[in-house]
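Peer 1: Have a peek at my_file12.cif (mmCIF, C-alpha atoms and all ligand atoms).
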data_query
loop_
_atom_site.label_atom_id
_atom_site.label_comp_id
_atom_site.auth_asym_id
_atom_site.auth_seq_id
_atom_site.Cartn_x
_atom_site.Cartn_y
_atom_site.Cartn_z
CA MET M 1 -7.27 34.18 -21.08
CA ARG M 2 -4.68 31.72 -19.97
CA ARG M 3 -6.90 30.75 -17.04
CA VAL M 4 -9.77 30.12 -19.44
CA SER M 5 -7.74 27.81 -21.63
CA LEU M 6 -6.51 25.88 -18.59
CA LEU M 7 -10.12 25.45 -17.49
CA SER M 8 -11.07 24.22 -20.94
CA ALA M 9 -8.28 21.68 -20.82
CA ALA M 10 -9.45 20.47 -17.43
CA CYS M 11 -13.00 20.22 -18.71
CA ALA M 12 -11.87 18.31 -21.77
CA ILE M 13 -10.06 15.80 -19.54
CA ALA M 14 -13.09 15.49 -17.26
CA LEU M 15 -15.37 15.01 -20.24
CA SER M 16 -13.18 12.37 -21.87
CA GLY M 17 -13.03 10.61 -18.50
CA ALA M 18 -16.82 10.57 -18.36
CA ALA M 19 -16.99 9.33 -21.93
CA PHE M 20 -14.61 6.52 -21.07
CA LEU M 21 -16.74 5.52 -18.08
CA GLN M 22 -19.83 5.47 -20.26
CA ALA M 23 -18.06 3.37 -22.86
CA ALA M 24 -17.25 0.73 -20.23
CA PRO M 25 -20.29 0.43 -17.99
CA VAL M 26 -20.46 -2.14 -15.24
CA ARG M 27 -22.55 -4.85 -16.80
CA ALA M 28 -25.51 -6.12 -14.86
CA ASP M 29 -23.93 -9.56 -14.60
CA ASP M 30 -20.89 -8.06 -12.88
CA VAL M 31 -22.98 -6.87 -9.93
CA ILE M 32 -23.42 -9.38 -7.16
CA THR M 33 -26.08 -8.68 -4.55
CA ILE M 34 -25.57 -9.57 -0.91
CA VAL M 35 -28.59 -8.96 1.32
CA ILE M 36 -28.26 -8.24 5.02
CA LYS M 37 -31.26 -9.52 6.95
CA ASP M 38 -31.55 -10.26 10.67
CA HIS M 39 -27.84 -9.37 10.92
CA LYS M 40 -26.86 -12.18 8.55
CA PHE M 41 -25.68 -12.16 4.96
CA GLU M 42 -27.79 -13.82 2.29
CA PRO M 43 -26.17 -15.53 0.59
CA ALA M 44 -23.34 -15.95 3.08
CA GLU M 45 -21.03 -17.09 0.29
CA VAL M 46 -20.89 -15.57 -3.16
CA LYS M 47 -18.87 -16.74 -6.12
CA VAL M 48 -17.17 -14.18 -8.35
CA PRO M 49 -14.97 -14.59 -11.38
CA ALA M 50 -11.28 -14.53 -10.49
CA ASN M 51 -9.00 -11.84 -11.91
CA LYS M 52 -11.90 -9.57 -12.70
CA ARG M 53 -13.19 -6.44 -11.05
CA VAL M 54 -16.70 -6.93 -9.71
CA THR M 55 -19.24 -4.83 -7.85
CA LEU M 56 -20.89 -6.07 -4.70
CA LEU M 57 -24.25 -4.50 -4.01
CA VAL M 58 -24.81 -4.73 -0.28
CA ASP M 59 -28.53 -4.39 0.41
CA ASN M 60 -29.20 -3.83 4.09
CA GLN M 61 -32.80 -4.78 4.80
CA ASP M 62 -32.37 -4.42 8.54
CA ALA M 63 -33.46 -1.22 10.25
CA THR M 64 -30.03 -0.78 11.84
CA SER M 65 -26.81 0.14 10.11
CA GLU M 66 -24.02 -2.28 9.46
CA GLU M 67 -20.38 -2.02 8.49
CA PHE M 68 -19.37 -4.25 5.61
CA GLU M 69 -15.76 -5.11 6.28
CA SER M 70 -13.07 -7.36 4.89
CA GLY M 71 -9.36 -7.12 5.56
CA GLU M 72 -8.67 -9.55 2.71
CA MET M 73 -10.54 -7.40 0.20
CA LYS M 74 -9.53 -4.10 1.84
CA VAL M 75 -13.11 -2.96 2.28
CA GLU M 76 -14.66 -1.12 5.19
CA LYS M 77 -17.89 0.66 4.43
CA ILE M 78 -20.98 1.61 6.41
CA VAL M 79 -24.37 0.72 5.01
CA GLY M 80 -27.25 2.44 6.76
CA GLY M 81 -30.47 0.75 7.82
CA ARG M 82 -32.63 -0.02 4.77
CA LYS M 83 -29.91 1.37 2.51
CA GLN M 84 -27.69 -0.05 -0.19
CA ILE M 85 -24.03 0.49 -1.00
CA LYS M 86 -21.89 -0.61 -3.91
CA VAL M 87 -18.42 -1.93 -3.22
CA MET M 88 -15.89 -2.54 -5.98
CA VAL M 89 -13.59 -5.48 -5.35
CA GLY M 90 -10.87 -7.20 -7.27
CA PRO M 91 -9.43 -8.27 -9.46
CA LEU M 92 -9.10 -11.14 -6.97
CA LYS M 93 -6.81 -14.13 -7.31
CA PRO M 94 -8.62 -17.46 -6.93
CA GLY M 95 -9.35 -18.03 -3.27
CA ARG M 96 -11.62 -17.36 -0.35
CA TYR M 97 -12.06 -13.82 0.96
CA PRO M 98 -13.99 -13.61 4.22
CA PHE M 99 -16.10 -10.58 5.08
CA PHE M 100 -18.18 -9.66 8.10
CA GLY M 101 -20.54 -7.08 9.50
CA GLU M 102 -18.58 -5.34 12.17
CA PHE M 103 -21.64 -4.16 14.09
CA HIS M 104 -23.06 -7.69 14.35
CA GLU M 105 -19.98 -9.80 14.00
CA ALA M 106 -21.37 -12.80 15.89
CA THR M 107 -23.90 -13.53 13.13
CA ALA M 108 -22.89 -11.45 10.12
CA GLN M 109 -20.21 -13.60 8.51
CA GLY M 110 -19.62 -14.39 4.87
CA ALA M 111 -17.09 -14.96 2.15
CA VAL M 112 -16.42 -14.12 -1.46
CA ILE M 113 -15.07 -17.07 -3.41
CA ALA M 114 -13.09 -16.08 -6.46
CA GLU M 115 -12.70 -18.85 -9.02
CU CU O 1 -14.64 -1.53 10.75
#
Can you give me the file's structure in the form of structure tokens?
Peer 2:
Amino acid sequence: MRRVSLLSAACAIALSGAAFLQAAPVRADDVITIVIKDHKFEPAEVKVPANKRVTLLVDNQDATSEEFESGEMKVEKIVGGRKQIKVMVGPLKPGRYPFFGEFHEATAQGAVIAE
């Protein structure tokens, strides 16, 4: 009985968490798309609002996988060939935050500009 009530409490917390997430969806204008093509980022520089959490949608149109990486934004995430990943960044102080594709670092260079 006690176990059941504990489970219910856990479920209630999980449900309220889900409700909260639904109440605050990521708006479409908070998602910034960065395409990877021919081992380059397009656009190579993206502007995001400062002091705000944003989602980067990394759309890898190459057949080979890439690793989207940025020490400044503390991101390191593999995106498979012809796959997409979403990366949450921020809130960022105004400034320039370089990123690169670790598997094709010679050409895959870019930066997020928070302003
Ligand atoms: Cu890496």
Peer 1: How would you report the residues lying within 9 Å of ligand CU 1 (chain O), as a compact mmCIF listing (two decimals) with C-alpha atoms, in the coordinates of the input, if you count only C-alpha atoms and all ligand atoms?
Peer 2:
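Dumped everything to selection-v6.txt:
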# COMPACT_ATOMS: atom_id res chain seq x y z
CA GLU M 67 -20.38 -2.02 8.49
CA PHE M 68 -19.37 -4.25 5.61
CA GLU M 69 -15.76 -5.11 6.28
CA SER M 70 -13.07 -7.36 4.89
CA VAL M 75 -13.11 -2.96 2.28
CA GLU M 76 -14.66 -1.12 5.19
CA LYS M 77 -17.89 0.66 4.43
CA ILE M 78 -20.98 1.61 6.41
CA GLY M 101 -20.54 -7.08 9.50
CA GLU M 102 -18.58 -5.34 12.17
CA PHE M 103 -21.64 -4.16 14.09
Peer 1: What does the structure give for the distance between CA of Glu66 in chain M and CA of Gly95 in chain M, in Å to one decimal?
Peer 2: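 Taking CA of Glu66 in chain M and CA of Gly95 in chain M, their separation equals 25.0 Å.
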Peer 1: Between M:Lys86, M:Pro98, M:Val46, M:Val58, which one has atoms that come closest to Lys74 in chain M, using all atoms listed in the file?
Peer 2: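 Looking only at the distances to Lys74 in chain M, the closest residue turns out to be M:Pro98.
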Peer 1: Using only C-alpha atoms, which protein or nucleic acid residues come within 7 Å of Arg82 in chain M? Drop anything in the same chain fewer than 3 positions from it, and give the result as number ranges by chain.
Peer 2: M: 60-63
Peer 1: Would you mind telling me which residue in M:Phe100, M:Ile36, M:Lys93, M:Lys47 lies nearest to Gly80 in chain M when using all atoms listed in the file?
Peer 2: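 Smallest distance to Gly80 in chain M is found for M:Ile36.
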Peer 1: With distances taken over all atoms listed in the file, which of M:Ala44, M:Ala108, M:Ile85, M:Leu92 is nearest to Leu56 in chain M?
Peer 2: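 Nearest to Leu56 in chain M: M:Ile85.
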Peer 1: Nearest to Val54 in chain M among M:Val35, M:Met88, M:Met73, M:Val79, with distances taken over all atoms listed in the file: which residue is it?
Peer 2: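 Answer, going by the shortest atom-to-atom distance: M:Met88.
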Peer 1: Can you tell me how far CA of Pro49 in chain M sits from CA of Val112 in chain M, in Å to one decimal?
Peer 2: 10.0 Å
Peer 1: Using only C-alpha atoms, find the one residue out of M:Ile32, M:Ala106, M:Val48, M:Ala114 that sits nearest to Pro94 in chain M.
Peer 2: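 Looking only at the distances to Pro94 in chain M, the closest residue turns out to be M:Ala114.
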Peer 1: Counting all atoms listed in the file, what is within 8 Å of Pro91 in chain M, bar same-chain residues fewer than 4 positions away, as a ChimeraX atom specification?
Peer 2: /M:50-54
Peer 1: CA of Thr64 in chain M and CA of Gly81 in chain M are how many Å apart?
Peer 2: 4.3 Å
Peer 1: Would you compute the box with edges along x, y and z of the file around range 92-103 of chain M, including every atom the file lists for it and 3 Å extra on each side, and give its centre and edge lengths in Å to one decimal, as lines of an AutoDock Vina configuration file?
Peer 2:
center_x = -14.2
center_y = -11.1
center_z = 3.4
size_x = 20.8
size_y = 19.9
size_z = 27.4
